[in-house]
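Here's target.txt, which has compact mmCIF, C-alpha atoms:
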# COMPACT_ATOMS: atom_id res chain seq x y z
CA MET A 1 223.61 213.36 108.37
CA THR A 2 224.60 212.74 111.98
CA GLY A 3 222.97 214.51 114.92
CA GLY A 4 224.59 216.12 117.92
CA ARG A 5 227.62 218.34 118.42
CA THR A 6 230.67 218.79 116.27
CA LYS A 7 234.12 220.35 116.14
CA HIS A 8 235.66 222.99 113.97
CA LYS A 9 238.00 220.58 112.22
CA TRP A 10 235.10 219.16 110.23
CA TRP A 11 234.10 222.50 108.72
CA ARG A 12 234.88 223.06 105.06
CA VAL A 13 235.13 226.41 103.23
CA TYR A 14 234.43 226.78 99.52
CA VAL A 15 234.81 230.13 97.74
CA ASN A 16 234.04 230.74 94.07
CA GLY A 17 234.59 227.13 93.06
CA TYR A 18 237.74 226.50 95.11
CA ASP A 19 238.15 224.43 98.24
CA LEU A 20 239.94 226.65 100.76
CA SER A 21 239.49 224.26 103.70
CA GLY A 22 243.16 223.32 103.85
CA TYR A 23 244.14 226.97 104.28
CA SER A 24 241.38 228.03 106.64
CA ARG A 25 241.97 228.50 110.36
CA ASN A 26 238.51 229.79 111.13
CA ILE A 27 235.63 231.70 109.58
CA GLY A 28 232.81 233.58 111.15
CA PRO A 29 230.72 234.53 112.87
CA LEU A 30 228.33 233.09 110.29
CA GLY A 31 225.67 235.64 110.88
CA LEU A 32 222.04 236.48 110.31
CA VAL A 33 221.47 239.63 112.37
CA TYR A 34 218.46 241.92 112.27
CA ASP A 35 218.62 245.65 112.84
CA GLU A 36 216.32 246.84 115.59
CA ALA A 37 213.69 249.49 115.02
CA ASP A 38 213.09 251.38 118.25
CA LEU A 39 209.34 251.92 118.50
CA THR A 40 209.24 253.06 122.09
CA ALA A 41 206.46 255.47 122.90
CA ASP A 42 208.25 257.67 125.42
CA MET A 43 205.13 258.92 127.10
CA GLY A 44 203.37 255.59 127.38
CA ASP A 45 205.81 252.67 127.48
CA THR A 46 207.52 251.72 130.70
CA VAL A 47 210.18 249.76 128.88
CA LYS A 48 211.72 250.27 125.46
CA GLY A 49 210.11 248.27 122.67
CA TYR A 50 211.55 247.10 119.37
CA LEU A 51 210.63 245.46 116.12
CA ARG A 52 213.13 243.77 113.86
CA ASN A 53 214.20 245.68 110.79
CA HIS A 54 216.32 244.67 107.82
CA PRO A 55 218.58 241.67 108.37
CA GLN A 56 222.28 241.56 107.68
CA VAL A 57 223.80 238.32 106.38
CA SER A 58 227.58 237.83 106.43
CA PRO A 59 230.11 235.03 106.76
CA GLY A 60 232.28 237.34 108.86
CA THR A 61 236.02 237.02 108.40
CA LEU A 62 238.04 234.17 106.96
CA ASN A 63 241.32 233.73 108.79
CA ALA A 64 243.67 231.53 106.83
CA VAL A 65 247.23 230.38 106.42
CA PHE A 66 249.11 232.43 103.83
CA ASP A 67 249.99 230.27 100.82
CA ASN A 68 251.08 231.38 97.36
CA THR A 69 250.32 228.19 95.45
CA GLY A 70 249.47 229.17 91.90
CA THR A 71 245.90 229.34 90.58
CA THR A 72 244.19 227.44 93.40
CA GLY A 73 246.12 228.83 96.39
CA LEU A 74 244.66 231.27 98.84
CA HIS A 75 246.88 234.19 97.86
CA ALA A 76 246.20 233.73 94.15
CA LEU A 77 242.46 233.77 94.78
CA ALA A 78 242.20 236.48 97.39
CA GLN A 79 244.93 239.04 96.65
CA SER A 80 242.70 241.01 94.32
CA VAL A 81 239.78 242.49 96.18
CA ALA A 82 238.35 244.08 93.07
CA GLY A 83 235.95 242.25 90.81
CA THR A 84 232.97 240.07 91.31
CA SER A 85 231.40 239.06 94.54
CA ARG A 86 232.39 235.73 96.10
CA ASN A 87 230.10 232.76 96.37
CA VAL A 88 230.93 231.50 99.86
CA LEU A 89 229.79 228.12 101.15
CA VAL A 90 230.70 226.89 104.64
CA ALA A 91 229.76 223.25 105.19
CA ILE A 92 229.54 222.10 108.80
CA GLY A 93 230.34 218.41 109.06
CA MET A 94 228.90 216.60 112.05
CA ARG A 95 231.84 214.77 113.63
CA ALA A 96 232.99 213.74 110.14
CA ALA A 97 233.61 215.35 106.79
CA PRO A 98 230.41 217.09 105.64
CA MET A 99 227.85 214.87 103.98
CA GLU A 100 224.43 215.29 102.41
CA GLY A 101 221.95 216.97 104.73
CA ASP A 102 224.56 218.51 107.04
CA PRO A 103 224.12 222.17 108.02
CA CYS A 104 225.79 224.85 105.95
CA PHE A 105 225.96 228.59 105.49
CA GLY A 106 226.18 230.26 102.13
CA GLY A 107 225.58 233.27 100.00
CA SER A 108 227.08 235.89 97.75
CA PHE A 109 229.33 238.43 99.46
CA TYR A 110 231.96 240.95 98.48
CA GLN A 111 235.45 240.50 99.81
CA SER A 112 236.12 243.76 101.62
CA GLY A 113 239.83 243.38 102.28
CA TYR A 114 242.93 241.24 102.23
CA GLN A 115 245.61 241.42 104.87
CA ILE A 116 248.77 239.42 105.49
CA ALA A 117 250.22 239.39 108.97
CA GLU A 118 252.48 237.47 111.31
CA ASP A 119 250.73 235.59 114.05
CA GLY A 120 252.88 233.86 116.62
CA GLY A 121 255.42 232.74 114.05
CA ALA A 122 252.94 231.81 111.33
CA VAL A 123 252.21 234.01 108.33
CA THR A 124 248.47 234.39 108.02
CA SER A 125 245.91 236.02 105.77
CA THR A 126 242.76 237.79 106.88
CA ILE A 127 239.84 238.09 104.46
CA PRO A 128 236.77 240.01 105.68
CA PHE A 129 233.51 239.72 103.78
CA THR A 130 230.69 242.23 103.42
CA GLY A 131 227.04 241.53 103.91
CA TRP A 132 225.04 240.08 101.05
CA ALA A 133 226.17 241.52 97.70
CA ALA A 134 223.67 244.07 96.47
CA ASP A 135 224.05 242.91 92.88
CA ALA A 136 223.82 239.21 93.69
CA GLU A 137 221.42 236.74 92.12
CA SER A 138 219.01 237.04 94.98
CA LEU A 139 218.13 239.48 97.70
CA LYS A 140 214.91 237.59 98.34
CA TYR A 141 215.95 235.56 101.33
CA ALA A 142 217.09 236.23 104.86
CA MET A 143 217.99 232.59 105.33
CA PRO A 144 221.70 231.82 104.85
CA PHE A 145 221.51 228.57 106.80
CA GLY A 146 220.76 225.60 104.58
CA GLN A 147 221.68 221.99 104.11
CA LEU A 148 224.47 220.47 102.10
CA LEU A 149 222.99 218.96 98.98
CA HIS A 150 226.16 217.41 97.59
CA PRO A 151 229.48 216.95 99.43
CA ASN A 152 232.91 217.38 97.84
CA VAL A 153 232.79 214.19 95.78
CA ALA A 154 233.42 213.38 92.12
CA ARG A 155 230.50 212.03 90.10
CA THR A 156 231.09 210.24 86.85
CA SER A 157 229.00 209.65 83.78
CA ALA A 158 229.64 205.94 84.33
CA THR A 159 227.45 206.01 87.46
CA GLY A 160 225.10 208.54 85.87
CA VAL A 161 222.17 210.29 87.49
CA ASN A 162 221.35 210.13 91.17
CA ILE A 163 218.93 207.34 92.09
CA GLN A 164 219.72 207.35 95.80
CA ALA A 165 217.15 208.10 98.49
CA GLY A 166 216.77 211.70 99.60
CA TRP A 167 217.07 213.19 103.09
CA ASP A 168 214.81 215.16 105.40
CA ASN A 169 214.95 218.81 106.47
CA PRO A 170 215.10 220.02 110.10
CA THR A 171 211.40 220.85 110.34
CA LYS A 172 210.45 217.47 108.84
CA ASP A 173 207.75 219.05 106.73
CA ALA A 174 207.23 220.61 103.30
CA THR A 175 207.54 224.36 102.90
CA ALA A 176 206.08 226.88 100.48
CA LYS A 177 208.52 229.77 100.68
CA GLY A 178 211.10 228.87 98.06
CA GLY A 179 214.84 229.00 98.62
CA TYR A 180 218.08 229.16 96.69
CA PHE A 181 220.53 226.68 95.26
CA MET A 182 224.31 227.16 95.32
CA TYR A 183 226.81 225.07 93.37
CA GLN A 184 230.58 225.14 93.17
CA VAL A 185 232.54 223.09 90.63
CA LEU A 186 235.94 222.07 92.00
CA ALA A 187 237.26 219.80 89.23
CA SER A 188 236.31 217.99 86.05
CA ASN A 189 237.82 215.55 83.59
CA ALA A 190 238.79 218.25 81.09
CA ALA A 191 238.47 221.93 80.26
CA GLY A 192 235.32 222.96 78.46
CA VAL A 193 233.17 219.95 79.33
CA THR A 194 229.58 220.48 80.40
CA ALA A 195 227.03 219.18 82.88
CA THR A 196 223.84 220.35 84.58
CA LEU A 197 223.63 220.41 88.38
CA SER A 198 220.23 220.57 90.00
CA VAL A 199 217.95 219.85 92.94
CA ASP A 200 215.40 217.06 93.34
CA HIS A 201 212.62 217.07 95.93
CA GLY A 202 209.97 214.57 96.93
CA ILE A 203 207.14 213.71 99.28
CA SER A 204 209.18 210.81 100.63
CA ALA A 205 212.86 209.93 100.61
CA ALA A 206 212.28 207.08 98.16
CA HIS A 207 213.74 207.40 94.68
CA VAL A 208 210.36 206.85 93.04
CA ASP A 209 208.95 209.93 94.75
CA MET A 210 211.81 212.23 93.75
CA GLY A 211 211.56 214.75 90.92
CA ALA A 212 213.16 217.99 89.80
CA LEU A 213 212.53 221.15 91.81
CA ALA A 214 211.51 223.53 89.05
CA GLY A 215 213.98 226.37 88.55
CA ALA A 216 216.62 225.03 90.91
CA THR A 217 219.15 224.13 88.27
CA SER A 218 222.45 225.49 87.06
CA GLY A 219 221.48 224.88 83.46
CA SER A 220 224.18 223.45 81.28
CA ILE A 221 227.45 224.90 82.57
CA VAL A 222 231.08 224.54 81.62
CA CYS A 223 232.61 222.51 84.41
CA VAL A 224 236.07 223.72 85.36
CA PRO A 225 237.50 224.70 88.77
CA GLY A 226 236.34 228.15 89.71
CA VAL A 227 232.80 227.88 88.39
CA SER A 228 230.11 228.65 90.94
CA GLY A 229 226.67 230.12 91.08
CA ILE A 230 223.49 230.84 92.99
CA VAL A 231 220.07 230.15 91.56
CA SER A 232 217.06 231.34 93.50
CA ILE A 233 213.49 230.21 93.04
CA GLY A 234 210.40 232.25 93.87
CA ASN A 235 209.49 233.15 97.44
CA ALA A 236 206.22 231.25 97.19
CA VAL A 237 207.44 228.09 95.46
CA PRO A 238 206.47 224.88 97.28
CA VAL A 239 209.44 222.73 98.25
CA LYS A 240 208.64 219.16 99.22
CA GLN A 241 209.91 217.66 102.45
CA PHE A 242 212.77 215.54 101.11
CA MET A 243 215.66 216.58 98.87
CA ARG A 244 218.66 215.24 97.03
CA TRP A 245 221.25 216.35 94.46
CA GLN A 246 221.00 215.63 90.77
CA ILE A 247 223.33 215.79 87.81
CA ALA A 248 222.89 215.44 84.06
CA PHE A 249 226.10 214.89 82.16
CA GLY A 250 226.65 216.80 78.96
CA THR A 251 230.13 216.31 77.55
CA ALA A 252 231.71 215.87 81.01
CA THR A 253 232.56 212.39 82.19
CA SER A 254 233.59 213.41 85.72
CA VAL A 255 232.66 216.42 87.83
CA THR A 256 233.77 217.14 91.40
CA TRP A 257 231.37 219.59 92.97
CA VAL A 258 229.70 220.77 96.13
CA ALA A 259 226.20 222.20 96.39
CA ALA A 260 223.69 223.32 98.96
CA PHE A 261 220.07 224.27 99.12
CA PHE A 262 218.88 227.04 101.39
CA ARG A 263 215.23 226.38 102.10
CA ASN A 264 213.25 229.36 103.28
CA TYR A 265 211.05 228.68 106.32
CA MET B 1 226.94 209.48 125.20
CA THR B 2 229.05 207.76 127.81
CA LEU B 3 232.73 207.86 128.61
CA ALA B 4 234.55 205.73 126.06
CA ILE B 5 238.20 205.48 127.08
CA THR B 6 238.44 201.78 126.28
CA THR B 7 236.77 202.36 122.90
CA VAL B 8 239.37 205.01 122.11
CA CYS B 9 242.14 202.57 123.06
CA THR B 10 240.58 199.98 120.76
CA SER B 11 240.52 202.58 117.97
CA ILE B 12 244.21 203.28 118.52
CA ALA B 13 244.94 199.55 118.43
CA ALA B 14 243.17 199.41 115.06
CA VAL B 15 245.56 201.95 113.53
CA SER B 16 247.85 200.35 110.99
CA VAL B 17 251.58 201.07 111.19
CA SER B 18 253.79 198.87 109.05
CA GLY B 19 256.03 196.64 111.14
CA VAL B 20 254.61 197.75 114.49
CA LYS B 21 252.11 195.80 116.59
CA ILE B 22 249.75 198.13 118.46
CA CYS B 23 248.06 196.70 121.54
CA ASP B 24 244.71 197.37 123.15
CA LEU B 25 244.26 197.63 126.92
CA ASP B 26 243.26 193.98 127.05
CA ASN B 27 246.27 192.52 125.25
CA ILE B 28 249.31 194.22 126.72
CA PRO B 29 252.13 191.65 126.52
CA PRO B 30 253.60 190.39 129.82
CA SER B 31 257.06 190.98 128.35
CA GLY B 32 258.71 192.33 125.21
CA THR B 33 260.39 189.07 124.31
CA ARG B 34 259.88 188.18 120.64
CA VAL B 35 257.08 190.74 120.14
CA THR B 36 259.01 193.92 119.33
CA PRO B 37 258.57 196.44 117.78
CA ILE B 38 255.41 197.00 119.78
CA LEU B 39 253.32 199.88 121.13
CA PHE B 40 251.15 199.24 124.16
CA PRO B 41 249.32 201.26 126.85
CA ASP B 42 251.60 202.10 129.75
CA PRO B 43 250.52 199.52 132.36
CA ALA B 44 251.73 201.73 135.21
CA ASN B 45 250.00 204.91 134.02
CA PRO B 46 247.63 204.39 131.09
CA LEU B 47 245.55 207.53 131.69
CA SER B 48 246.45 211.01 132.96
CA ASN B 49 245.31 214.66 132.98
CA PHE B 50 241.63 213.68 132.95
CA THR B 51 239.85 217.05 132.68
CA PRO B 52 236.06 217.30 132.31
CA GLU B 53 234.75 220.62 131.03
CA VAL B 54 231.14 221.67 131.49
CA GLU B 55 229.77 223.09 128.22
CA SER B 56 226.21 223.99 129.16
CA TYR B 57 223.71 224.49 131.95
CA GLY B 58 221.87 221.54 133.40
CA GLY B 59 222.38 218.96 136.04
CA GLY B 60 223.11 215.26 135.95
CA SER B 61 222.87 213.78 132.51
CA SER B 62 221.22 216.79 130.89
CA ARG B 63 224.25 219.08 130.74
CA LEU B 64 226.73 218.91 127.89
CA LEU B 65 230.19 217.87 128.97
CA ASP B 66 233.49 217.56 127.12
CA VAL B 67 236.43 215.69 128.56
CA ASP B 68 240.11 215.88 127.69
CA TYR B 69 242.68 213.31 128.77
CA ASP B 70 246.05 211.85 127.87
CA LEU B 71 246.58 208.21 126.95
CA ASN B 72 250.12 207.13 127.76
CA TYR B 73 251.78 204.48 125.65
CA VAL B 74 255.12 202.69 125.68
CA TYR B 75 256.95 201.92 122.47
CA ILE B 76 259.74 199.35 122.63
CA HIS B 77 261.80 198.68 119.54
CA CYS B 78 264.51 196.16 120.46
CA GLU B 79 266.55 195.04 123.41
CA VAL B 80 269.08 197.56 124.61
CA GLY B 81 272.43 196.82 122.96
CA ALA B 82 270.95 194.72 120.17
CA GLY B 83 272.89 194.63 116.90
CA ARG B 84 276.57 194.69 116.15
CA THR B 85 277.32 198.09 117.63
CA GLY B 86 274.39 198.55 119.93
CA LEU B 87 273.19 201.46 117.78
CA ASP B 88 272.23 199.55 114.64
CA TYR B 89 268.50 199.83 115.33
CA LEU B 90 268.34 203.46 116.43
CA GLU B 91 267.26 204.78 113.02
CA GLY B 92 264.60 202.08 112.69
CA CYS B 93 263.29 203.03 116.12
CA VAL B 94 262.95 206.71 115.14
CA LEU B 95 261.37 205.79 111.80
CA ASN B 96 258.73 203.70 113.56
CA VAL B 97 257.96 206.48 116.05
CA GLN B 98 257.57 208.85 113.10
CA ALA B 99 255.22 206.39 111.44
CA ILE B 100 253.16 206.04 114.62
CA TYR B 101 252.80 209.82 114.96
CA ASP B 102 251.95 210.17 111.27
CA ALA B 103 249.27 207.49 111.60
CA ILE B 104 247.76 209.07 114.71
CA LEU B 105 247.75 212.52 113.08
CA SER B 106 245.98 211.06 110.06
CA ILE B 107 243.00 209.90 112.11
CA ASP B 108 239.93 211.90 111.14
CA VAL B 109 236.99 209.97 112.51
CA PHE B 110 237.36 207.29 115.16
CA SER B 111 235.14 205.46 117.61
CA GLY B 112 234.96 206.83 121.13
CA GLY B 113 236.51 210.28 120.74
CA VAL B 114 236.24 213.30 118.50
CA ASP B 115 239.85 214.42 118.38
CA ILE B 116 243.26 212.91 119.00
CA MET B 117 246.69 214.50 118.88
CA PRO B 118 250.18 213.23 119.74
CA THR B 119 251.51 215.53 122.45
CA SER B 120 254.59 214.00 124.01
CA ASN B 121 258.19 214.87 123.49
CA ILE B 122 259.91 212.15 121.47
CA GLN B 123 262.77 211.02 123.63
CA ILE B 124 264.45 207.77 122.59
CA ILE B 125 265.64 206.22 125.81
CA THR B 126 265.71 202.94 127.67
CA MET B 127 262.17 201.78 128.35
CA ALA B 128 261.11 198.83 130.46
CA ASP B 129 258.64 196.23 129.25
CA PRO B 130 255.97 195.05 131.73
CA SER B 131 258.40 192.47 133.12
CA GLY B 132 261.06 195.10 133.82
CA LYS B 133 263.46 194.16 131.04
CA ASN B 134 265.13 197.10 129.26
CA TYR B 135 264.49 197.98 125.62
CA LEU B 136 265.30 200.82 123.24
CA GLY B 137 262.12 202.85 122.87
CA CYS B 138 260.20 205.86 124.07
CA ALA B 139 257.10 206.99 125.91
CA LEU B 140 254.30 208.37 123.70
CA THR B 141 251.28 210.38 124.80
CA PHE B 142 248.11 210.93 122.82
CA HIS B 143 245.77 213.74 123.86
CA VAL B 144 242.11 212.82 123.38
CA LYS B 145 238.91 214.85 123.44
CA GLU B 146 235.54 213.19 123.91
CA PHE B 147 232.02 214.57 123.82
CA TRP B 148 231.18 212.89 127.12
CA ARG B 149 227.56 213.97 127.37
Entire entry expressed as structure tokens:
Amino acid sequence: MTGGRTKHKWWRVYVNGYDLSGYSRNIGPLGLVYDEADLTADMGDTVKGYLRNHPQVSPGTLNAVFDNTGTTGLHALAQSVAGTSRNVLVAIGMRAAPMEGDPCFGGSFYQSGYQIAEDGGAVTSTIPFTGWAADAESLKYAMPFGQLLHPNVARTSATGVNIQAGWDNPTKDATAKGGYFMYQVLASNAAGVTATLSVDHGISAAHVDMGALAGATSGSIVCVPGVSGIVSIGNAVPVKQFMRWQIAFGTATSVTWVAAFFRNY
Amino acid sequence: MTLAITTVCTSIAAVSVSGVKICDLDNIPPSGTRVTPILFPDPANPLSNFTPEVESYGGGSSRLLDVDYDLNYVYIHCEVGAGRTGLDYLEGCVLNVQAIYDAILSIDVFSGGVDIMPTSNIQIITMADPSGKNYLGCALTFHVKEFWR
């Protein structure tokens, strides 16, 4: 995790277990916006007064290059607007490809349209997203900004579980308000193989202090491209200061995946 | 952060292009004799279009500042008229320029800057080495963005 500013070219976009970064031109605004409740007392207040109301969370609109590559291409994935909501994860790399601890935005949203158009000679696709899906795993959190738990890297059973040091969160302190875990499987060694993806946390970054964050696990899942999910933990669950990814191999010998944890503050 | 033009030039010199020597600002050859094919910073005009852009409020060192500029390079492939017909090396020259552009475009992370893009027109013409001798080659420009502060 590097500090400072960054550029758009190091963003990555993952949707429902597919890496759409190579097609994406831009996405956003990545928004957390509260409605305003006007509580002005007309006869007493000199200036209008507001309180925040329900928040709206949305990744905005994905503008992408039209491409009809089969199965994994943008058109194949986005042409049908019907169906399930999309698990969207936008990883924001800091002057390099995204790595563990980098900022990210993610959640479960419905795709509300699909448009193909000509733009200055290029053929482009526009994919707007709704706010948070009403039937999603969790409507507990108004916190779509998290940290990347695992970058787009293959892990193999030969190297096994994660024994690396963890990384810190922006507030540099433990929290007790839960959060949610998102995973997206991009590839594996074969169809039908299994693994369990999960979250570790600890009171220090050292391996010896790391342990499983209860509930923040995918469970044993079939690892093929297109598998993704969100697992939320309770709103009052303590989350220790440091975190890292974890994997337990079932029948899989190689899994390429990305994951993020969205800590509630 | 501080301005890092020389660091960017060093990063460019570290790019690997098969068959082409790429020079840093501090090792531009005095002539092209026996060193071609070679790419080196244009000794007469290494830097142009230097454009700072203020990104935030603040004065002095506290404000955020981006800077864009062009680094101008000279590529010389062989002496003008070399070969049996004088055109024998033209294809090799174009292939090397292609390879240089491909290598520059492939840069993701590099020391000094945050983005680099080839921007010049590829025009294979007669280029002079630092001693004034004529070679087959072309002028290449790389546009660089730095987070200055």
Per residue of chain A within 12 Å of chain B, which atom pair is closest and at what distance in Å (one decimal), using all atoms listed in the file, listed by chain and increasing number, as a Markdown table?
| residue | atom | partner | partner_atom | distance |
| --- | --- | --- | --- | --- |
| A:Gly4 | CA | B:Phe147 | CA | 9.6 |
| A:Arg5 | CA | B:Phe147 | CA | 7.9 |
| A:Thr6 | CA | B:Val114 | CA | 8.1 |
| A:Lys7 | CA | B:Val114 | CA | 7.7 |
| A:His8 | CA | B:Asp115 | CA | 10.5 |
| A:Lys9 | CA | B:Asp115 | CA | 8.9 |
| A:Trp10 | CA | B:Asp108 | CA | 8.8 |
| A:Gly93 | CA | B:Val109 | CA | 11.3 |
| A:Met94 | CA | B:Val114 | CA | 10.3 |
| A:Arg95 | CA | B:Val114 | CA | 6.7 |
| A:Ala96 | CA | B:Val109 | CA | 6.0 |
| A:Ala97 | CA | B:Asp108 | CA | 8.4 |
| A:Pro98 | CA | B:Val109 | CA | 11.9 |
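In this structure, CA of Ile38 in chain B sits 8.2 Å away from CA of Val74 in chain B.
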Point-to-point distance from CA of Ser62 in chain B to CA of Glu146 in chain B, Å rounded to tenths: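 Going from CA of Ser62 in chain B over to CA of Glu146 in chain B covers 16.3 Å.
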If I wrap all listed atoms of range 52-70 of chain B in a box with edges along x, y and z and add 5 Å on each side, what are its centre and edge lengths in Å to one decimal, as lines of an AutoDock Vina configuration file?
center_x = 233.6
center_y = 218.2
center_z = 131.6
size_x = 34.8
size_y = 22.6
size_z = 18.9
Atomic separation - CA of Ile92 in chain A relative to CA of Tyr69 in chain B, Å: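 Taking CA of Tyr69 in chain B and CA of Ile92 in chain A, their separation equals 25.5 Å.
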Please report as JSON lines every residue of range 16-59 of chain A lying within 8 Å of range 87-90 of chain A, along with the nearest atom pair and their distance in Å (one decimal), using all atoms listed in the file.
{"residue": "A:Asn16", "atom": "CA", "partner": "A:Asn87", "partner_atom": "CA", "distance": 5.0}
{"residue": "A:Gly17", "atom": "CA", "partner": "A:Asn87", "partner_atom": "CA", "distance": 7.9}
{"residue": "A:Pro59", "atom": "CA", "partner": "A:Val88", "partner_atom": "CA", "distance": 7.8}
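Omitting Tyr23 in chain A and its sequence neighbours fewer than 3 positions away, and counting only C-alpha atoms, the residues within 9 Å are Asp19, Leu20, Asn63, Ala64, Val65, Phe66, Asp67, Gly73 and Leu74 of chain A.
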For Gly179 in chain A, the nearest of the candidates A:Ser58, A:Ser138, A:Gln79, A:Ser108, counting all atoms listed in the file: A:Ser138
Polymer residues at most 10 Å from range 98-107 of chain B, all atoms listed in the file, same-chain spacing of 2 or more positions, as a list of chain:residue names: B:Ser11, B:Ile12, B:Val15, B:Ser16, B:Val17, B:Ser18, B:Gly19, B:Val20, B:Ile22, B:Leu39, B:Tyr75, B:Gly92, B:Cys93, B:Val94, B:Leu95, B:Asn96, B:Val109, B:Phe110, B:Val114, B:Asp115, B:Ile116, B:Met117, B:Pro118, B:Thr119, B:Ile122, B:Leu140, B:Thr141, B:Phe142
Give me a file of those residues, with C-alpha atoms, as a PDB file, keeping the file's coordinate frame.
ATOM      1  CA  SER B  11     240.520 202.580 117.970  1.00  0.00           C
ATOM      2  CA  ILE B  12     244.210 203.280 118.520  1.00  0.00           C
ATOM      3  CA  VAL B  15     245.560 201.950 113.530  1.00  0.00           C
ATOM      4  CA  SER B  16     247.850 200.350 110.990  1.00  0.00           C
ATOM      5  CA  VAL B  17     251.580 201.070 111.190  1.00  0.00           C
ATOM      6  CA  SER B  18     253.790 198.870 109.050  1.00  0.00           C
ATOM      7  CA  GLY B  19     256.030 196.640 111.140  1.00  0.00           C
ATOM      8  CA  VAL B  20     254.610 197.750 114.490  1.00  0.00           C
ATOM      9  CA  ILE B  22     249.750 198.130 118.460  1.00  0.00           C
ATOM     10  CA  LEU B  39     253.320 199.880 121.130  1.00  0.00           C
ATOM     11  CA  TYR B  75     256.950 201.920 122.470  1.00  0.00           C
ATOM     12  CA  GLY B  92     264.600 202.080 112.690  1.00  0.00           C
ATOM     13  CA  CYS B  93     263.290 203.030 116.120  1.00  0.00           C
ATOM     14  CA  VAL B  94     262.950 206.710 115.140  1.00  0.00           C
ATOM     15  CA  LEU B  95     261.370 205.790 111.800  1.00  0.00           C
ATOM     16  CA  ASN B  96     258.730 203.700 113.560  1.00  0.00           C
ATOM     17  CA  VAL B 109     236.990 209.970 112.510  1.00  0.00           C
ATOM     18  CA  PHE B 110     237.360 207.290 115.160  1.00  0.00           C
ATOM     19  CA  VAL B 114     236.240 213.300 118.500  1.00  0.00           C
ATOM     20  CA  ASP B 115     239.850 214.420 118.380  1.00  0.00           C
ATOM     21  CA  ILE B 116     243.260 212.910 119.000  1.00  0.00           C
ATOM     22  CA  MET B 117     246.690 214.500 118.880  1.00  0.00           C
ATOM     23  CA  PRO B 118     250.180 213.230 119.740  1.00  0.00           C
ATOM     24  CA  THR B 119     251.510 215.530 122.450  1.00  0.00           C
ATOM     25  CA  ILE B 122     259.910 212.150 121.470  1.00  0.00           C
ATOM     26  CA  LEU B 140     254.300 208.370 123.700  1.00  0.00           C
ATOM     27  CA  THR B 141     251.280 210.380 124.800  1.00  0.00           C
ATOM     28  CA  PHE B 142     248.110 210.930 122.820  1.00  0.00           C
TER      29      PHE B 142
END
